[in-house]
Amino acid sequence: QFMENSKFAPLLLLLLLTLTSSIAAFQGLPSFQSARGSNNLSVCMAEGASKSWEFSRFARTWQFFNGNPLRNLIPFLPSSAPKVKRPEAEASGREMCLWDFKDLTQESLDGIWAALDDVVMGGVSLSSIRLADSGVVFAGETSSRNSGGFCSVRTRNVDPPFNLEGYKSLRMKVRCDKGMRYKVILRDKAGWDTTAWCYSFDTQRGQWMDLEAPLDKFLPVVRGRRLRGANKGMDLSKIYSVQVMLSKYEYDGELNPNFEEGRFRLQFGPIRASK
């Protein structure tokens, strides 16, 4: 709570980042930068969820999505929030492809997509994303320890944002090994902790299915709570990021009725907008 409310929070976080990096280097452990690579993620996945909260993983997540906290202390500097060049949106007939993954290497994928797990709130769940023949595989292990219980993968903000005006739904092929309820999340503002527009969907165990998520059915959510007084819908002209989540919770503290704690594997892609 002190870190959230203090104006010195960015400086304290930077000091902690520097100290932890130094300790890791001294002990011969992976630094924040090297630990971001896919090889280290593979090692993490072999081990499953963490036994305790990991500051280094929290710091890597912060840096990947939110940039250098020191820049927030210098008012005349532009925002350091990381962003990536938007892929060329391929329109064909009544569809536009946002992410098809076919032209990416694992290295380039790691620079765009990353895990955003409950480590950001003190949890120990762990996940990763890697390329596969069908698109990508989002896999990991959820854990309720430390009041956690969610894993997700998300893109950095794209520049310029996608314009989905005139489109009615988001579509992608999905397959889950256990058949659970997931969420697909869009954001129409440039920050990393902005309103999350969420759509929940159920999968069938081990079966491919065609997800069609109507864009007018996405719910505005902030940190798990629905914004019931929202006076306007999602701004489809500015879609900055896409996120896929598996969570123990649905919305407003209600439990996900189709959730099993532990290891999971979801294949998905390509991601398309449809008219």
# chains A, B, ... in the order shown; residues from 1 in each chain; ligands from 1
>>> residues_around(residues="region 175-183 of chain A", least_positions_apart="4", cutoff="10 Å", atoms="only C-alpha atoms", output="PyMOL selection string")
chain A and resi 134+137-139+152+197-211+218+243-248+250+256-260+263-269
>>> residues_around(residues="Gly229 (chain A)", least_positions_apart="6", cutoff="12 Å", atoms="only C-alpha atoms", output="list in words")
Leu219, Pro220 and Val221 of chain A
>>> closest_residue(among="A:Ile239, A:Ala115, A:Ala132, A:Met172", to="Pro160 (chain A)", atoms="only C-alpha atoms")
A:Ile239
>>> atom_distance(atom1="CA of Gly262 (chain A)", atom2="CA of Ser127 (chain A)")
11.1 Å
>>> closest_residue(among="A:Arg145, A:Arg86, A:Lys232, A:Lys217", to="Pro161 (chain A)", atoms="only C-alpha atoms")
A:Arg86
>>> residues_around(residues="Asp159 (chain A)", least_positions_apart="4", cutoff="7 Å", atoms="only C-alpha atoms", output="PyMOL selection string")
chain A and resi 83-86
>>> write_last_selection(atoms="N, CA and C atoms", output="PDB file, in the first residue's frame")
ATOM      1  N   LYS A  83       5.944   0.269 -26.211  1.00  0.00           N
ATOM      2  CA  LYS A  83       4.965   0.003 -27.252  1.00  0.00           C
ATOM      3  C   LYS A  83       5.689  -0.599 -28.436  1.00  0.00           C
ATOM      4  N   VAL A  84       4.939  -1.275 -29.280  1.00  0.00           N
ATOM      5  CA  VAL A  84       5.519  -1.924 -30.448  1.00  0.00           C
ATOM      6  C   VAL A  84       4.774  -1.470 -31.692  1.00  0.00           C
ATOM      7  N   LYS A  85       5.447  -1.557 -32.814  1.00  0.00           N
ATOM      8  CA  LYS A  85       4.810  -1.194 -34.063  1.00  0.00           C
ATOM      9  C   LYS A  85       3.685  -2.177 -34.360  1.00  0.00           C
ATOM     10  N   ARG A  86       2.546  -1.624 -34.684  1.00  0.00           N
ATOM     11  CA  ARG A  86       1.400  -2.476 -34.988  1.00  0.00           C
ATOM     12  C   ARG A  86       1.662  -3.296 -36.244  1.00  0.00           C
TER      13      ARG A  86
END
>>> select_by_dssp(residues="region 112-231 of chain A", states="strand (DSSP E or B)", output="PyMOL selection string")
chain A and resi 113-115+126-132+135-141+150-155+157-159+162+169-176+181-187+196-202+205+209-214+219-222+225-226
>>> select_by_dssp(residues="region 95-273 of chain A", states="alpha helix (DSSP H)", output="list in words")
Gln106, Glu107, Ser108, Leu109 and Asp110 of chain A
>>> write_last_selection(atoms="all heavy atoms", output="PDB file, in the first residue's frame")
ATOM      1  N   GLN A 106      10.237 -16.966 -32.301  1.00  0.00           N
ATOM      2  CA  GLN A 106      10.005 -16.937 -30.858  1.00  0.00           C
ATOM      3  C   GLN A 106      10.615 -15.684 -30.252  1.00  0.00           C
ATOM      4  O   GLN A 106      10.041 -15.075 -29.334  1.00  0.00           O
ATOM      5  CB  GLN A 106      10.591 -18.184 -30.194  1.00  0.00           C
ATOM      6  CG  GLN A 106      10.285 -18.297 -28.711  1.00  0.00           C
ATOM      7  CD  GLN A 106       8.796 -18.418 -28.420  1.00  0.00           C
ATOM      8  OE1 GLN A 106       8.101 -19.219 -29.032  1.00  0.00           O
ATOM      9  NE2 GLN A 106       8.293 -17.612 -27.485  1.00  0.00           N
ATOM     10  N   GLU A 107      11.754 -15.258 -30.782  1.00  0.00           N
ATOM     11  CA  GLU A 107      12.396 -14.054 -30.259  1.00  0.00           C
ATOM     12  C   GLU A 107      11.532 -12.824 -30.486  1.00  0.00           C
ATOM     13  O   GLU A 107      11.376 -11.980 -29.583  1.00  0.00           O
ATOM     14  CB  GLU A 107      13.766 -13.858 -30.912  1.00  0.00           C
ATOM     15  CG  GLU A 107      14.524 -12.650 -30.384  1.00  0.00           C
ATOM     16  CD  GLU A 107      15.892 -12.496 -31.024  1.00  0.00           C
ATOM     17  OE1 GLU A 107      16.248 -13.315 -31.898  1.00  0.00           O
ATOM     18  OE2 GLU A 107      16.618 -11.556 -30.628  1.00  0.00           O
ATOM     19  N   SER A 108      10.960 -12.697 -31.691  1.00  0.00           N
ATOM     20  CA  SER A 108      10.119 -11.529 -31.955  1.00  0.00           C
ATOM     21  C   SER A 108       8.805 -11.603 -31.174  1.00  0.00           C
ATOM     22  O   SER A 108       8.283 -10.578 -30.726  1.00  0.00           O
ATOM     23  CB  SER A 108       9.848 -11.395 -33.459  1.00  0.00           C
ATOM     24  OG  SER A 108       9.201 -12.545 -33.979  1.00  0.00           O
ATOM     25  N   LEU A 109       8.276 -12.815 -30.997  1.00  0.00           N
ATOM     26  CA  LEU A 109       7.078 -12.977 -30.176  1.00  0.00           C
ATOM     27  C   LEU A 109       7.348 -12.508 -28.748  1.00  0.00           C
ATOM     28  O   LEU A 109       6.517 -11.817 -28.137  1.00  0.00           O
ATOM     29  CB  LEU A 109       6.633 -14.434 -30.169  1.00  0.00           C
ATOM     30  CG  LEU A 109       5.392 -14.759 -29.324  1.00  0.00           C
ATOM     31  CD1 LEU A 109       4.124 -14.251 -30.006  1.00  0.00           C
ATOM     32  CD2 LEU A 109       5.279 -16.264 -29.071  1.00  0.00           C
ATOM     33  N   ASP A 110       8.515 -12.861 -28.205  1.00  0.00           N
ATOM     34  CA  ASP A 110       8.873 -12.489 -26.835  1.00  0.00           C
ATOM     35  C   ASP A 110       8.997 -10.974 -26.653  1.00  0.00           C
ATOM     36  O   ASP A 110       8.939 -10.483 -25.527  1.00  0.00           O
ATOM     37  CB  ASP A 110      10.187 -13.153 -26.428  1.00  0.00           C
ATOM     38  CG  ASP A 110      10.049 -14.653 -26.231  1.00  0.00           C
ATOM     39  OD1 ASP A 110       8.911 -15.120 -26.060  1.00  0.00           O
ATOM     40  OD2 ASP A 110      11.070 -15.357 -26.261  1.00  0.00           O
TER      41      ASP A 110
END
>>> closest_residue(among="A:Gly224, A:Ala213, A:Asn163, A:Glu261", to="Leu236 (chain A)", atoms="only C-alpha atoms")
A:Asn163
>>> decode(residues="region 180-275 of chain A", atoms="C-alpha atoms", output="PDB file, in the first residue's frame")
ATOM      1  CA  MET A 180     -12.210 -24.222 -18.814  1.00  0.00           C
ATOM      2  CA  ARG A 181     -13.550 -20.676 -18.926  1.00  0.00           C
ATOM      3  CA  TYR A 182     -11.148 -18.005 -20.162  1.00  0.00           C
ATOM      4  CA  LYS A 183     -11.377 -14.294 -20.905  1.00  0.00           C
ATOM      5  CA  VAL A 184     -10.268 -12.303 -23.915  1.00  0.00           C
ATOM      6  CA  ILE A 185      -9.501  -8.692 -23.022  1.00  0.00           C
ATOM      7  CA  LEU A 186      -9.136  -5.537 -25.128  1.00  0.00           C
ATOM      8  CA  ARG A 187      -7.971  -2.094 -24.000  1.00  0.00           C
ATOM      9  CA  ASP A 188      -8.955   1.176 -25.635  1.00  0.00           C
ATOM     10  CA  LYS A 189      -6.542   3.404 -23.714  1.00  0.00           C
ATOM     11  CA  ALA A 190      -2.760   3.559 -23.898  1.00  0.00           C
ATOM     12  CA  GLY A 191      -1.874   2.882 -20.245  1.00  0.00           C
ATOM     13  CA  TRP A 192      -1.083  -0.602 -18.981  1.00  0.00           C
ATOM     14  CA  ASP A 193      -3.572  -0.533 -16.071  1.00  0.00           C
ATOM     15  CA  THR A 194      -6.560   1.007 -17.861  1.00  0.00           C
ATOM     16  CA  THR A 195     -10.121  -0.261 -18.208  1.00  0.00           C
ATOM     17  CA  ALA A 196     -10.119  -3.886 -19.361  1.00  0.00           C
ATOM     18  CA  TRP A 197     -12.926  -4.758 -21.775  1.00  0.00           C
ATOM     19  CA  CYS A 198     -13.579  -8.434 -21.028  1.00  0.00           C
ATOM     20  CA  TYR A 199     -15.447 -11.276 -22.671  1.00  0.00           C
ATOM     21  CA  SER A 200     -15.655 -14.685 -20.973  1.00  0.00           C
ATOM     22  CA  PHE A 201     -15.836 -17.881 -23.011  1.00  0.00           C
ATOM     23  CA  ASP A 202     -16.000 -21.590 -22.237  1.00  0.00           C
ATOM     24  CA  THR A 203     -13.871 -24.198 -23.996  1.00  0.00           C
ATOM     25  CA  GLN A 204     -14.429 -27.902 -24.584  1.00  0.00           C
ATOM     26  CA  ARG A 205     -11.849 -30.350 -23.306  1.00  0.00           C
ATOM     27  CA  GLY A 206      -9.303 -31.138 -26.005  1.00  0.00           C
ATOM     28  CA  GLN A 207     -11.470 -29.884 -28.883  1.00  0.00           C
ATOM     29  CA  TRP A 208     -10.853 -27.049 -31.318  1.00  0.00           C
ATOM     30  CA  MET A 209     -13.624 -24.472 -31.364  1.00  0.00           C
ATOM     31  CA  ASP A 210     -14.281 -21.240 -33.228  1.00  0.00           C
ATOM     32  CA  LEU A 211     -14.657 -18.422 -30.723  1.00  0.00           C
ATOM     33  CA  GLU A 212     -16.812 -15.514 -31.840  1.00  0.00           C
ATOM     34  CA  ALA A 213     -16.890 -12.717 -29.238  1.00  0.00           C
ATOM     35  CA  PRO A 214     -19.385  -9.931 -30.068  1.00  0.00           C
ATOM     36  CA  LEU A 215     -17.649  -6.609 -29.506  1.00  0.00           C
ATOM     37  CA  ASP A 216     -20.780  -5.074 -27.986  1.00  0.00           C
ATOM     38  CA  LYS A 217     -20.801  -7.791 -25.290  1.00  0.00           C
ATOM     39  CA  PHE A 218     -17.403  -6.936 -23.794  1.00  0.00           C
ATOM     40  CA  LEU A 219     -17.720  -5.741 -20.186  1.00  0.00           C
ATOM     41  CA  PRO A 220     -15.748  -2.786 -18.753  1.00  0.00           C
ATOM     42  CA  VAL A 221     -13.702  -4.044 -15.795  1.00  0.00           C
ATOM     43  CA  VAL A 222     -11.099  -2.449 -13.518  1.00  0.00           C
ATOM     44  CA  ARG A 223      -9.064  -4.845 -11.365  1.00  0.00           C
ATOM     45  CA  GLY A 224     -11.776  -7.479 -11.409  1.00  0.00           C
ATOM     46  CA  ARG A 225     -14.682  -5.110 -10.698  1.00  0.00           C
ATOM     47  CA  ARG A 226     -17.266  -4.256 -13.343  1.00  0.00           C
ATOM     48  CA  LEU A 227     -17.819  -0.568 -14.081  1.00  0.00           C
ATOM     49  CA  ARG A 228     -21.587  -0.563 -13.866  1.00  0.00           C
ATOM     50  CA  GLY A 229     -21.867   3.197 -14.371  1.00  0.00           C
ATOM     51  CA  ALA A 230     -19.882   3.324 -17.612  1.00  0.00           C
ATOM     52  CA  ASN A 231     -21.586   5.881 -19.828  1.00  0.00           C
ATOM     53  CA  LYS A 232     -20.153   4.718 -23.128  1.00  0.00           C
ATOM     54  CA  GLY A 233     -18.965   1.590 -24.814  1.00  0.00           C
ATOM     55  CA  MET A 234     -15.505   0.541 -25.905  1.00  0.00           C
ATOM     56  CA  ASP A 235     -13.731   2.915 -28.290  1.00  0.00           C
ATOM     57  CA  LEU A 236     -13.262   0.540 -31.212  1.00  0.00           C
ATOM     58  CA  SER A 237     -11.196   3.094 -33.118  1.00  0.00           C
ATOM     59  CA  LYS A 238      -8.314   2.682 -30.659  1.00  0.00           C
ATOM     60  CA  ILE A 239      -7.579  -0.884 -29.570  1.00  0.00           C
ATOM     61  CA  TYR A 240      -4.104  -0.906 -28.039  1.00  0.00           C
ATOM     62  CA  SER A 241      -3.678  -4.424 -26.719  1.00  0.00           C
ATOM     63  CA  VAL A 242      -5.064  -7.957 -26.640  1.00  0.00           C
ATOM     64  CA  GLN A 243      -4.933 -10.249 -23.611  1.00  0.00           C
ATOM     65  CA  VAL A 244      -6.037 -13.827 -22.903  1.00  0.00           C
ATOM     66  CA  MET A 245      -6.613 -14.801 -19.258  1.00  0.00           C
ATOM     67  CA  LEU A 246      -7.409 -17.819 -17.114  1.00  0.00           C
ATOM     68  CA  SER A 247      -8.640 -16.771 -13.672  1.00  0.00           C
ATOM     69  CA  LYS A 248     -10.096 -18.359 -10.582  1.00  0.00           C
ATOM     70  CA  TYR A 249     -12.468 -15.401 -10.463  1.00  0.00           C
ATOM     71  CA  GLU A 250     -15.109 -14.187 -12.883  1.00  0.00           C
ATOM     72  CA  TYR A 251     -16.109 -10.609 -11.924  1.00  0.00           C
ATOM     73  CA  ASP A 252     -16.843  -8.760  -8.662  1.00  0.00           C
ATOM     74  CA  GLY A 253     -15.278 -11.496  -6.562  1.00  0.00           C
ATOM     75  CA  GLU A 254     -17.483 -14.268  -7.965  1.00  0.00           C
ATOM     76  CA  LEU A 255     -15.728 -17.565  -8.634  1.00  0.00           C
ATOM     77  CA  ASN A 256     -15.210 -18.821 -12.164  1.00  0.00           C
ATOM     78  CA  PRO A 257     -17.704 -21.724 -12.421  1.00  0.00           C
ATOM     79  CA  ASN A 258     -15.552 -23.550 -14.969  1.00  0.00           C
ATOM     80  CA  PHE A 259     -12.064 -23.435 -13.440  1.00  0.00           C
ATOM     81  CA  GLU A 260      -9.612 -26.033 -12.190  1.00  0.00           C
ATOM     82  CA  GLU A 261      -6.543 -24.904 -10.296  1.00  0.00           C
ATOM     83  CA  GLY A 262      -3.225 -26.274 -11.516  1.00  0.00           C
ATOM     84  CA  ARG A 263      -1.588 -26.805 -14.868  1.00  0.00           C
ATOM     85  CA  PHE A 264      -3.319 -25.775 -18.088  1.00  0.00           C
ATOM     86  CA  ARG A 265      -2.662 -25.426 -21.789  1.00  0.00           C
ATOM     87  CA  LEU A 266      -4.583 -23.264 -24.256  1.00  0.00           C
ATOM     88  CA  GLN A 267      -3.796 -23.043 -27.957  1.00  0.00           C
ATOM     89  CA  PHE A 268      -5.151 -20.057 -29.844  1.00  0.00           C
ATOM     90  CA  GLY A 269      -4.823 -18.015 -33.028  1.00  0.00           C
ATOM     91  CA  PRO A 270      -5.098 -16.331 -35.416  1.00  0.00           C
ATOM     92  CA  ILE A 271      -6.960 -13.364 -33.921  1.00  0.00           C
ATOM     93  CA  ARG A 272      -9.347 -11.670 -36.350  1.00  0.00           C
ATOM     94  CA  ALA A 273     -12.018  -8.967 -36.366  1.00  0.00           C
ATOM     95  CA  SER A 274     -15.160  -9.828 -38.289  1.00  0.00           C
ATOM     96  CA  LYS A 275     -17.981  -7.684 -39.743  1.00  0.00           C
TER      97      LYS A 275
END
